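File shown: entry13.txt. Contents: compact mmCIF, C-alpha atoms.
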```txt
# COMPACT_ATOMS: atom_id res chain seq x y z
CA MET A 273 4.46 14.27 -3.69
CA THR A 274 7.49 12.42 -5.00
CA THR A 275 7.53 11.57 -8.67
CA GLN A 276 9.98 8.70 -8.37
CA HIS A 277 8.51 5.41 -9.60
CA PRO A 278 8.26 2.73 -6.91
CA SER A 279 10.84 0.11 -7.81
CA ARG A 280 10.00 -3.54 -8.16
CA ARG A 281 12.79 -4.11 -5.63
CA ASN A 282 11.05 -1.99 -3.01
CA VAL A 283 8.57 -3.27 -0.50
CA LEU A 284 5.02 -2.86 -1.79
CA LYS A 285 2.67 -0.49 -0.10
CA SER A 286 -0.25 -2.65 -0.97
CA ALA A 287 0.87 -5.86 0.55
CA GLY A 288 1.27 -9.36 -0.23
CA GLY A 289 4.47 -8.93 1.73
CA LEU A 290 5.46 -12.56 1.39
CA THR A 291 4.32 -12.68 -2.22
CA ALA A 292 6.23 -9.51 -3.01
CA ALA A 293 9.36 -10.87 -1.37
CA LEU A 294 9.18 -14.02 -3.45
CA THR A 295 8.72 -11.94 -6.58
CA LEU A 296 11.65 -9.56 -6.08
CA GLY A 297 14.39 -10.08 -8.57
CA ALA A 298 12.56 -12.98 -10.16
CA GLY A 299 12.70 -13.78 -13.85
CA GLY A 300 9.81 -14.27 -16.23
CA VAL A 301 9.27 -17.99 -15.53
CA LEU A 302 8.70 -19.13 -11.94
CA ALA A 303 7.22 -21.99 -9.99
CA ALA A 304 3.43 -22.16 -9.96
CA ALA A 305 1.50 -20.32 -7.27
CA PRO A 306 -1.28 -22.17 -5.43
CA THR A 307 -4.78 -21.95 -6.82
CA ALA A 308 -7.06 -19.64 -4.93
CA SER A 309 -9.23 -22.47 -3.62
CA ALA A 310 -6.17 -24.32 -2.34
CA ALA A 311 -4.70 -21.22 -0.71
CA GLY A 312 -7.91 -20.56 1.23
CA ASP A 313 -9.02 -17.31 2.83
CA GLY A 314 -7.06 -14.25 3.85
CA PHE A 315 -6.84 -10.45 3.92
CA GLY A 316 -10.26 -10.20 5.53
CA LEU A 317 -11.90 -12.23 2.76
CA HIS A 318 -13.68 -15.55 3.13
CA ILE A 319 -14.52 -17.46 -0.05
CA ALA A 320 -18.27 -18.09 -0.02
CA GLU A 321 -18.47 -19.54 -3.56
CA HIS A 322 -16.01 -20.25 -6.31
CA ASN A 323 -15.82 -21.92 -9.71
CA GLU A 324 -12.48 -22.68 -11.35
CA GLY A 325 -13.91 -25.02 -13.98
CA ASP A 326 -13.47 -22.67 -16.94
CA PRO A 327 -9.88 -22.73 -18.22
CA ARG A 328 -9.75 -18.94 -18.38
CA MET A 329 -12.57 -17.33 -16.38
CA TRP A 330 -12.46 -18.12 -12.66
CA TYR A 331 -15.22 -16.88 -10.37
CA TYR A 332 -15.21 -16.05 -6.64
CA ARG A 333 -17.77 -14.67 -4.22
CA PHE A 334 -16.49 -13.36 -0.89
CA GLN A 335 -17.75 -12.67 2.59
CA THR A 336 -16.11 -9.50 3.89
CA ALA A 337 -16.84 -7.09 6.72
CA ALA A 338 -16.31 -4.25 4.23
CA ILE A 339 -19.52 -5.05 2.31
CA GLY A 340 -22.91 -6.00 3.74
CA TRP A 341 -23.50 -8.64 1.07
CA ASN A 342 -21.17 -11.09 -0.70
CA PRO A 343 -19.50 -9.33 -3.66
CA ALA A 344 -18.12 -11.34 -6.56
CA VAL A 345 -15.05 -11.19 -8.78
CA ASN A 346 -14.24 -12.65 -12.18
CA VAL A 347 -10.55 -13.39 -12.81
CA LEU A 348 -9.73 -13.84 -16.50
CA LEU A 349 -6.53 -15.79 -17.02
CA PRO A 350 -4.21 -15.79 -20.04
CA ASP A 351 -4.47 -18.70 -22.49
CA ASP A 352 -1.17 -20.18 -21.32
CA TYR A 353 -1.57 -19.57 -17.57
CA HIS A 354 -1.89 -23.25 -16.65
CA THR A 355 1.10 -24.42 -18.68
CA SER A 356 3.68 -21.63 -18.69
CA GLY A 357 4.68 -21.28 -15.03
CA ARG A 358 5.12 -17.56 -15.71
CA ARG A 359 4.10 -14.57 -13.63
CA TYR A 360 1.80 -12.07 -15.32
CA PRO A 361 0.87 -8.39 -15.09
CA VAL A 362 -2.66 -7.63 -13.90
CA LEU A 363 -5.36 -5.26 -15.13
CA TYR A 364 -8.14 -4.31 -12.72
CA LEU A 365 -11.17 -3.56 -14.91
CA LEU A 366 -13.95 -1.63 -13.16
CA HIS A 367 -17.59 -1.61 -14.27
CA GLY A 368 -19.93 1.35 -14.50
CA GLY A 369 -23.04 2.28 -12.53
CA LEU A 370 -25.97 -0.16 -12.48
CA GLU A 371 -23.57 -2.86 -13.70
CA ASP A 372 -21.64 -5.66 -12.00
CA PHE A 373 -18.65 -8.00 -12.20
CA ILE A 374 -19.91 -9.89 -15.27
CA THR A 375 -20.45 -6.81 -17.45
CA PHE A 376 -17.21 -6.89 -19.42
CA ASP A 377 -17.61 -10.61 -20.08
CA ALA A 378 -21.32 -10.49 -20.90
CA HIS A 379 -21.36 -7.34 -23.02
CA HIS A 380 -17.86 -6.33 -24.12
CA ASP A 381 -16.15 -9.59 -25.20
CA ILE A 382 -13.26 -9.28 -22.77
CA ARG A 383 -12.30 -12.89 -23.48
CA GLY A 384 -11.96 -12.23 -27.19
CA LEU A 385 -10.16 -8.93 -26.70
CA THR A 386 -7.54 -10.54 -24.45
CA ALA A 387 -7.05 -13.77 -26.39
CA GLY A 388 -3.33 -14.34 -26.86
CA LYS A 389 -2.39 -11.55 -24.43
CA ARG A 390 -0.27 -12.43 -21.40
CA LEU A 391 -2.40 -10.45 -18.97
CA ILE A 392 -4.60 -11.34 -15.99
CA VAL A 393 -7.81 -9.28 -15.89
CA VAL A 394 -9.58 -8.89 -12.54
CA MET A 395 -13.20 -7.69 -12.74
CA PRO A 396 -14.74 -7.08 -9.29
CA ASP A 397 -18.17 -6.00 -8.14
CA GLY A 398 -18.19 -2.30 -7.27
CA GLY A 399 -21.81 -1.82 -6.28
CA ARG A 400 -24.63 -0.52 -8.46
CA ALA A 401 -23.63 3.00 -7.40
CA GLY A 402 -20.70 2.39 -5.07
CA TRP A 403 -18.42 4.91 -6.77
CA TYR A 404 -15.36 2.92 -5.68
CA SER A 405 -15.52 4.69 -2.33
CA ASN A 406 -16.05 4.27 1.39
CA PRO A 407 -19.23 6.33 1.82
CA VAL A 408 -19.78 9.02 4.41
CA GLY A 409 -23.03 7.33 5.43
CA SER A 410 -25.05 4.20 4.65
CA GLY A 411 -28.57 3.17 5.58
CA VAL A 412 -28.05 -0.47 4.59
CA GLY A 413 -24.86 -1.55 6.36
CA PRO A 414 -21.23 -1.46 5.17
CA ARG A 415 -20.51 -0.58 1.54
CA ASP A 416 -16.79 0.17 1.76
CA TRP A 417 -15.83 -0.62 -1.82
CA GLU A 418 -12.48 1.17 -1.66
CA GLN A 419 -11.46 -0.92 1.36
CA PHE A 420 -12.62 -4.13 -0.31
CA HIS A 421 -10.70 -3.47 -3.52
CA LEU A 422 -7.45 -1.95 -2.27
CA ALA A 423 -6.94 -3.38 1.23
CA GLN A 424 -8.36 -6.84 0.56
CA LEU A 425 -8.76 -7.85 -3.08
CA VAL A 426 -5.46 -6.59 -4.53
CA PRO A 427 -3.29 -8.40 -1.95
CA TRP A 428 -5.53 -11.50 -2.18
CA ILE A 429 -5.04 -11.64 -5.95
CA ASP A 430 -1.26 -11.28 -5.55
CA ALA A 431 -1.20 -14.05 -2.93
CA ASN A 432 -3.29 -16.50 -4.95
CA PHE A 433 -2.24 -15.97 -8.57
CA ARG A 434 1.13 -15.75 -10.31
CA THR A 435 1.27 -11.97 -10.58
CA TYR A 436 3.91 -9.29 -10.49
CA ALA A 437 2.87 -7.86 -7.12
CA GLU A 438 4.35 -4.45 -7.75
CA TYR A 439 3.87 -1.09 -9.41
CA ASP A 440 4.98 -1.96 -12.94
CA GLY A 441 2.88 -5.12 -12.87
CA ARG A 442 -0.52 -3.47 -12.39
CA ALA A 443 -2.95 -1.33 -14.38
CA VAL A 444 -6.48 -0.13 -13.68
CA SER A 445 -9.16 0.80 -16.20
CA GLY A 446 -12.89 1.35 -16.09
CA PHE A 447 -16.04 2.65 -17.70
CA SER A 448 -18.14 5.59 -16.42
CA MET A 449 -18.25 5.27 -12.62
CA GLY A 450 -15.45 2.71 -13.03
CA GLY A 451 -13.38 5.17 -15.04
CA PHE A 452 -13.65 7.62 -12.17
CA GLY A 453 -12.71 4.80 -9.80
CA ALA A 454 -9.63 3.99 -11.88
CA LEU A 455 -8.47 7.62 -11.83
CA LYS A 456 -9.18 7.91 -8.11
CA TYR A 457 -7.42 4.67 -7.14
CA THR A 458 -4.34 5.59 -9.17
CA ALA A 459 -4.04 8.95 -7.43
CA LYS A 460 -4.77 7.82 -3.88
CA TYR A 461 -2.68 4.64 -4.02
CA TYR A 462 0.43 5.99 -5.67
CA GLY A 463 2.50 2.82 -5.74
CA HIS A 464 -0.17 0.47 -7.07
CA PHE A 465 -0.78 1.19 -10.76
CA ALA A 466 1.56 2.13 -13.62
CA SER A 467 -1.30 2.63 -16.10
CA VAL A 468 -4.75 4.18 -15.72
CA SER A 469 -7.61 4.39 -18.21
CA ALA A 470 -11.02 6.07 -18.06
CA HIS A 471 -13.59 5.18 -20.72
CA SER A 472 -16.28 7.85 -20.39
CA GLY A 473 -15.15 8.30 -16.80
CA PRO A 474 -15.50 11.73 -15.16
CA ALA A 475 -12.18 13.25 -14.08
CA SER A 476 -13.18 16.07 -11.73
CA LEU A 477 -15.58 15.97 -8.79
CA ARG A 478 -15.83 19.75 -8.58
CA GLY A 479 -16.00 20.54 -12.29
CA PHE A 480 -19.20 21.37 -14.19
CA GLY A 481 -20.61 22.97 -11.07
CA GLY A 482 -19.88 19.95 -8.90
CA ALA A 483 -22.10 17.80 -11.10
CA VAL A 484 -20.11 14.60 -10.55
CA THR A 485 -20.25 14.90 -6.75
CA HIS A 486 -23.99 15.46 -6.97
CA TRP A 487 -24.24 12.53 -9.41
CA ALA A 488 -22.36 10.27 -6.98
CA ASN A 489 -24.41 11.38 -3.98
CA LEU A 490 -27.83 11.11 -5.59
CA SER A 491 -27.22 7.82 -7.40
CA SER A 492 -25.71 6.17 -4.32
CA ALA A 493 -28.56 7.37 -2.11
CA ALA A 494 -31.13 5.99 -4.54
CA VAL A 495 -29.75 2.56 -5.40
CA GLU A 496 -26.75 1.75 -3.18
CA LEU A 497 -26.87 3.23 0.31
CA GLY A 498 -30.54 3.40 1.33
CA GLY A 499 -30.51 7.18 1.59
CA GLY A 500 -26.86 7.49 2.61
CA SER A 501 -24.32 9.16 0.35
CA ILE A 502 -20.72 9.01 -0.80
CA TYR A 503 -19.71 12.57 0.13
CA GLY A 504 -22.52 13.83 2.38
CA MET A 505 -25.80 15.60 1.62
CA PRO A 506 -26.66 18.40 1.57
CA ILE A 507 -23.26 19.43 2.95
CA TRP A 508 -20.28 17.71 1.38
CA ASN A 509 -17.37 16.36 3.37
CA GLU A 510 -14.93 18.67 1.60
CA ALA A 511 -11.81 16.82 2.76
CA ARG A 512 -13.18 13.57 1.35
CA VAL A 513 -14.03 15.23 -1.97
CA SER A 514 -10.52 16.66 -2.30
CA ALA A 515 -8.90 13.34 -1.36
CA ASP A 516 -10.86 11.54 -4.11
CA ASN A 517 -10.68 14.24 -6.79
CA PRO A 518 -8.33 13.33 -9.67
CA ILE A 519 -7.80 16.93 -10.74
CA GLU A 520 -6.58 17.88 -7.26
CA ARG A 521 -3.92 15.13 -7.26
CA LEU A 522 -2.11 15.76 -10.53
CA GLU A 523 1.40 14.84 -9.40
CA SER A 524 0.20 11.32 -8.61
CA TYR A 525 -0.13 10.72 -12.36
CA ARG A 526 3.34 11.84 -13.38
CA GLY A 527 5.30 9.18 -15.24
CA LYS A 528 2.27 6.89 -15.59
CA ARG A 529 0.40 5.84 -18.70
CA ILE A 530 -2.89 7.78 -18.88
CA PHE A 531 -5.61 6.81 -21.40
CA LEU A 532 -8.81 8.85 -21.63
CA VAL A 533 -11.94 8.48 -23.77
CA ALA A 534 -15.01 10.73 -23.91
CA GLY A 535 -17.90 11.05 -26.31
CA THR A 536 -18.86 14.37 -27.86
CA SER A 537 -22.64 13.82 -27.86
CA PRO A 538 -24.86 14.51 -24.84
CA GLU A 539 -27.09 11.43 -25.14
CA ASP A 540 -28.30 10.14 -21.80
CA ILE A 541 -27.68 6.53 -22.84
CA GLN A 542 -28.22 4.71 -19.55
CA GLY A 543 -30.81 6.98 -17.99
CA TYR A 544 -28.43 8.48 -15.43
CA ALA A 545 -25.26 9.68 -17.12
CA ASN A 546 -24.83 12.65 -19.43
CA GLU A 547 -21.68 12.48 -21.51
CA THR A 548 -21.45 16.27 -21.60
CA VAL A 549 -20.40 16.19 -17.94
CA VAL A 550 -17.77 13.52 -18.67
CA LEU A 551 -16.37 15.43 -21.63
CA ASP A 552 -16.20 18.71 -19.74
CA THR A 553 -14.40 17.21 -16.74
CA GLN A 554 -11.97 15.26 -18.90
CA ARG A 555 -11.12 18.41 -20.85
CA GLU A 556 -10.47 20.25 -17.59
CA PHE A 557 -8.31 17.37 -16.36
CA LYS A 558 -6.31 17.20 -19.61
CA ALA A 559 -5.72 20.96 -19.60
CA ASN A 560 -4.31 20.70 -16.11
CA LEU A 561 -2.12 17.72 -17.03
CA ASP A 562 -0.79 19.75 -19.96
CA ARG A 563 -0.18 22.72 -17.69
CA VAL A 564 2.15 20.73 -15.43
CA GLY A 565 3.77 18.72 -18.24
CA ILE A 566 2.19 15.29 -17.67
CA GLY A 567 1.65 13.34 -20.87
CA HIS A 568 -1.52 11.47 -21.72
CA GLU A 569 -3.28 9.68 -24.59
CA SER A 570 -6.83 10.88 -25.13
CA TYR A 571 -9.72 10.53 -27.53
CA GLU A 572 -12.83 12.63 -28.06
CA VAL A 573 -15.10 10.67 -30.35
CA PRO A 574 -18.68 10.87 -31.64
CA GLY A 575 -21.46 9.38 -29.55
CA GLY A 576 -22.60 9.34 -25.96
CA HIS A 577 -22.03 7.27 -22.84
CA PHE A 578 -20.98 3.74 -23.77
CA VAL A 579 -17.93 1.48 -24.12
CA ARG A 580 -16.28 1.71 -27.52
CA ARG A 581 -14.85 -1.66 -28.49
CA ASP A 582 -12.10 -0.30 -30.72
CA LEU A 583 -10.80 2.00 -27.99
CA LEU A 584 -11.06 -0.69 -25.32
CA GLU A 585 -9.00 -2.92 -27.61
CA ARG A 586 -6.46 -0.14 -28.13
CA ASP A 587 -6.33 0.43 -24.39
CA LEU A 588 -5.65 -3.26 -23.72
CA ARG A 589 -2.74 -3.24 -26.19
CA GLY A 590 -1.34 -0.20 -24.45
CA VAL A 591 -1.68 -1.82 -21.03
CA VAL A 592 0.30 -4.86 -22.16
CA GLU A 593 2.97 -2.66 -23.72
CA CYS A 594 3.25 -0.51 -20.60
CA LEU A 595 3.45 -3.18 -17.93
CA ARG A 596 6.18 -5.64 -17.06
CA LYS A 597 6.14 -8.57 -19.47
CA ALA A 598 5.12 -12.08 -18.52
```

Please render this file's structure as structure tokens.
Amino acid sequence: MTTQHPSRRNVLKSAGGLTAALTLGAGGVLAAAPTASAAGDGFGLHIAEHNEGDPRMWYYRFQTAAIGWNPAVNVLLPDDYHTSGRRYPVLYLLHGGLEDFITFDAHHDIRGLTAGKRLIVVMPDGGRAGWYSNPVGSGVGPRDWEQFHLAQLVPWIDANFRTYAEYDGRAVSGFSMGGFGALKYTAKYYGHFASVSAHSGPASLRGFGGAVTHWANLSSAAVELGGGSIYGMPIWNEARVSADNPIERLESYRGKRIFLVAGTSPEDIQGYANETVVLDTQREFKANLDRVGIGHESYEVPGGHFVRRDLLERDLRGVVECLRKA
């Protein structure tokens, strides 16, 4: 695996080819991009519903062959988006299990935490137990969340908003299942994200006796896939596990900003997640990052499995500092 950073003058892996071409070499202030409703559909997505009435929080619901129902996305815009003509870096913020696209707005004051920050925040549905994956099997139709997010949503966002459609213009962060998704997406899609954050997100599928793989399989079977699973039950698809496992893809994190949070108490806050597993896998991950000389910022703090506002706020500051400036 090469450790060279993808340049903003290189062609993007993730698409928006035309958008990327228009962005290359551009300065901080550019002509306005079309609104999403004006630009219409694309990238395998059809807009089923949308609301752009709020000056900052725009809402979309899509039809897509990747998902058997219409998933939604909230796009939180900077305060000056409509007047500046600038392009902005983007943070993809991923919710945890049994949550949805409104969680960070409804429960974690993402509007207040980003006030005054020149950052677009994209908050997509990821399924109640979708694990940011294309599952091995589903009893309820397609639930290919990885395809929806990486092959469809990311290029759609770049085509419809004034973004920096390139490596140093994107970050990904998440809580719990979403923290795992952020780590996974950063490793598997090397040229997409310059910063990754996991708030109480497990960092090893095989650690703690394979507890996270079991957690993903059992939760998805129960509430997401109608008896199907992410990695296969009772026999895992070992190649799929290795491809998704952050700790088996260490070189993909070299040179990137890494921000990790875990609680030190075992409380089973949400009825399905034990923070002891998160803490153990993050410690294993950090030890391996240290072993190969990859820097990271990490916090082990009192309490169990929940989003800590002060550390989310610190993470957001770090994201803005890390990414290309608007």

- prompt: Taking all atoms listed in the file into account, which of A:Arg358, A:His421, A:Arg596, A:His577 comes nearest Asn546 in chain A?
  reply: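 Of A:Arg358, A:His421, A:Arg596, A:His577, the one nearest Asn546 in chain A is A:His577, counting all atoms listed in the file.
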
query: Of the residues A:Tyr525, A:Tyr353, A:Phe376, A:Tyr436, which is the one nearest to Lys597 in chain A, using only C-alpha atoms?
result: A:Tyr436

field: 12 Å contact set for range 506-518 of chain A, only C-alpha atoms, chain neighbours under 3 positions out, as a PyMOL selection string
entry: chain A and resi 403-409+418+451-461+468+470+473-479+482+484-486+488-490+493+499-503+521-525+553-554+556-558+560-561

- request: Could you check which of A:Val393, A:Ile319, A:Ala483, A:Val591 is closest to Thr548 in chain A, using all atoms listed in the file?
  value: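 Using all atoms listed in the file, Thr548 in chain A sits closest to A:Ala483.
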
- prompt: Between A:Arg526, A:His318, A:Arg415, A:His380, which one has atoms that come closest to Trp428 in chain A, using only C-alpha atoms?
  reply: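 Checking each of A:Arg526, A:His318, A:Arg415, A:His380 against Trp428 in chain A, counting only C-alpha atoms, the winner is A:His318.
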
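Nearest to Phe373 in chain A of all the residues A:Gly411, A:Gly450, A:Pro350, A:Gly357 is A:Gly450, counting only C-alpha atoms.
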
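Of the residues under consideration (A:Tyr439, A:Tyr364, A:Trp341, A:Phe531), A:Trp341 shows the shortest atom-to-atom contact distance to Gly399 in chain A when counting all atoms listed in the file.
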
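With CA of His568 in chain A on one side and CA of Gly590 in chain A on the other, the separation reads 12.0 Å.
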
message: Could you list, as a ChimeraX atom specification, every residue within 10 Å of range 527-530 of chain A, counting all atoms listed in the file and ignoring same-chain residues fewer than 6 positions away?
response: /A:275-277,440,443,445,455,458,465-470,566-570,587,590-591,594-595

- prompt: Could you state the separation of CA of Gly576 in chain A and CA of Gly504 in chain A in Å, given to one decimal place?
  reply: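 That distance, rounded to one decimal, is 28.7 Å.
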
- request: Would you mind reading off the distance between CA of Glu496 in chain A and CA of Phe334 in chain A, one decimal, in Å?
  value: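 CA of Phe334 in chain A lies 18.4 Å from CA of Glu496 in chain A.
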
Can you tell me, as a PDB file with C-alpha atoms, in the coordinates of the input, which residues sit within 10 Å of (-5.2, -13.5, -24.3) in the file's frame, using only C-alpha atoms?
```
ATOM      1  CA  ARG A 328      -9.750 -18.940 -18.380  1.00  0.00           C
ATOM      2  CA  LEU A 348      -9.730 -13.840 -16.500  1.00  0.00           C
ATOM      3  CA  LEU A 349      -6.530 -15.790 -17.020  1.00  0.00           C
ATOM      4  CA  PRO A 350      -4.210 -15.790 -20.040  1.00  0.00           C
ATOM      5  CA  ASP A 351      -4.470 -18.700 -22.490  1.00  0.00           C
ATOM      6  CA  ASP A 352      -1.170 -20.180 -21.320  1.00  0.00           C
ATOM      7  CA  TYR A 353      -1.570 -19.570 -17.570  1.00  0.00           C
ATOM      8  CA  ILE A 382     -13.260  -9.280 -22.770  1.00  0.00           C
ATOM      9  CA  ARG A 383     -12.300 -12.890 -23.480  1.00  0.00           C
ATOM     10  CA  GLY A 384     -11.960 -12.230 -27.190  1.00  0.00           C
ATOM     11  CA  LEU A 385     -10.160  -8.930 -26.700  1.00  0.00           C
ATOM     12  CA  THR A 386      -7.540 -10.540 -24.450  1.00  0.00           C
ATOM     13  CA  ALA A 387      -7.050 -13.770 -26.390  1.00  0.00           C
ATOM     14  CA  GLY A 388      -3.330 -14.340 -26.860  1.00  0.00           C
ATOM     15  CA  LYS A 389      -2.390 -11.550 -24.430  1.00  0.00           C
ATOM     16  CA  ARG A 390      -0.270 -12.430 -21.400  1.00  0.00           C
ATOM     17  CA  LEU A 391      -2.400 -10.450 -18.970  1.00  0.00           C
ATOM     18  CA  ILE A 392      -4.600 -11.340 -15.990  1.00  0.00           C
ATOM     19  CA  VAL A 393      -7.810  -9.280 -15.890  1.00  0.00           C
TER      20      VAL A 393
END
```

query: Neighbours of Gly340 in chain A within 8 Å (all atoms listed in the file; same-chain residues fewer than 4 positions away dropped), as a list in words?
result: Thr336, Val412, Gly413, Pro414 and Arg415 of chain A

- request: Dig up all the protein and nucleic acid residues within 8 Å of (-8.7, -7.5, -12.2) in the file frame, using only C-alpha atoms, and format them as a ChimeraX atom specification.
  value: /A:346-348,362-366,392-396,444

Just the selected residues (C-alpha atoms), exported as a PDB file, in the frame of the given file, please.
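Wrote again.pdb, looks like this:
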```pdb
ATOM      1  CA  ASN A 346     -14.240 -12.650 -12.180  1.00  0.00           C
ATOM      2  CA  VAL A 347     -10.550 -13.390 -12.810  1.00  0.00           C
ATOM      3  CA  LEU A 348      -9.730 -13.840 -16.500  1.00  0.00           C
ATOM      4  CA  VAL A 362      -2.660  -7.630 -13.900  1.00  0.00           C
ATOM      5  CA  LEU A 363      -5.360  -5.260 -15.130  1.00  0.00           C
ATOM      6  CA  TYR A 364      -8.140  -4.310 -12.720  1.00  0.00           C
ATOM      7  CA  LEU A 365     -11.170  -3.560 -14.910  1.00  0.00           C
ATOM      8  CA  LEU A 366     -13.950  -1.630 -13.160  1.00  0.00           C
ATOM      9  CA  ILE A 392      -4.600 -11.340 -15.990  1.00  0.00           C
ATOM     10  CA  VAL A 393      -7.810  -9.280 -15.890  1.00  0.00           C
ATOM     11  CA  VAL A 394      -9.580  -8.890 -12.540  1.00  0.00           C
ATOM     12  CA  MET A 395     -13.200  -7.690 -12.740  1.00  0.00           C
ATOM     13  CA  PRO A 396     -14.740  -7.080  -9.290  1.00  0.00           C
ATOM     14  CA  VAL A 444      -6.480  -0.130 -13.680  1.00  0.00           C
TER      15      VAL A 444
END
```

- prompt: Can you tell me, as an NGL selection string, what residues are no more than 12 Å from Ser537 in chain A when counting all atoms listed in the file, ignoring any on the same chain fewer than 6 positions away?
  reply: :A and (472 or 545-552 or 572-578)
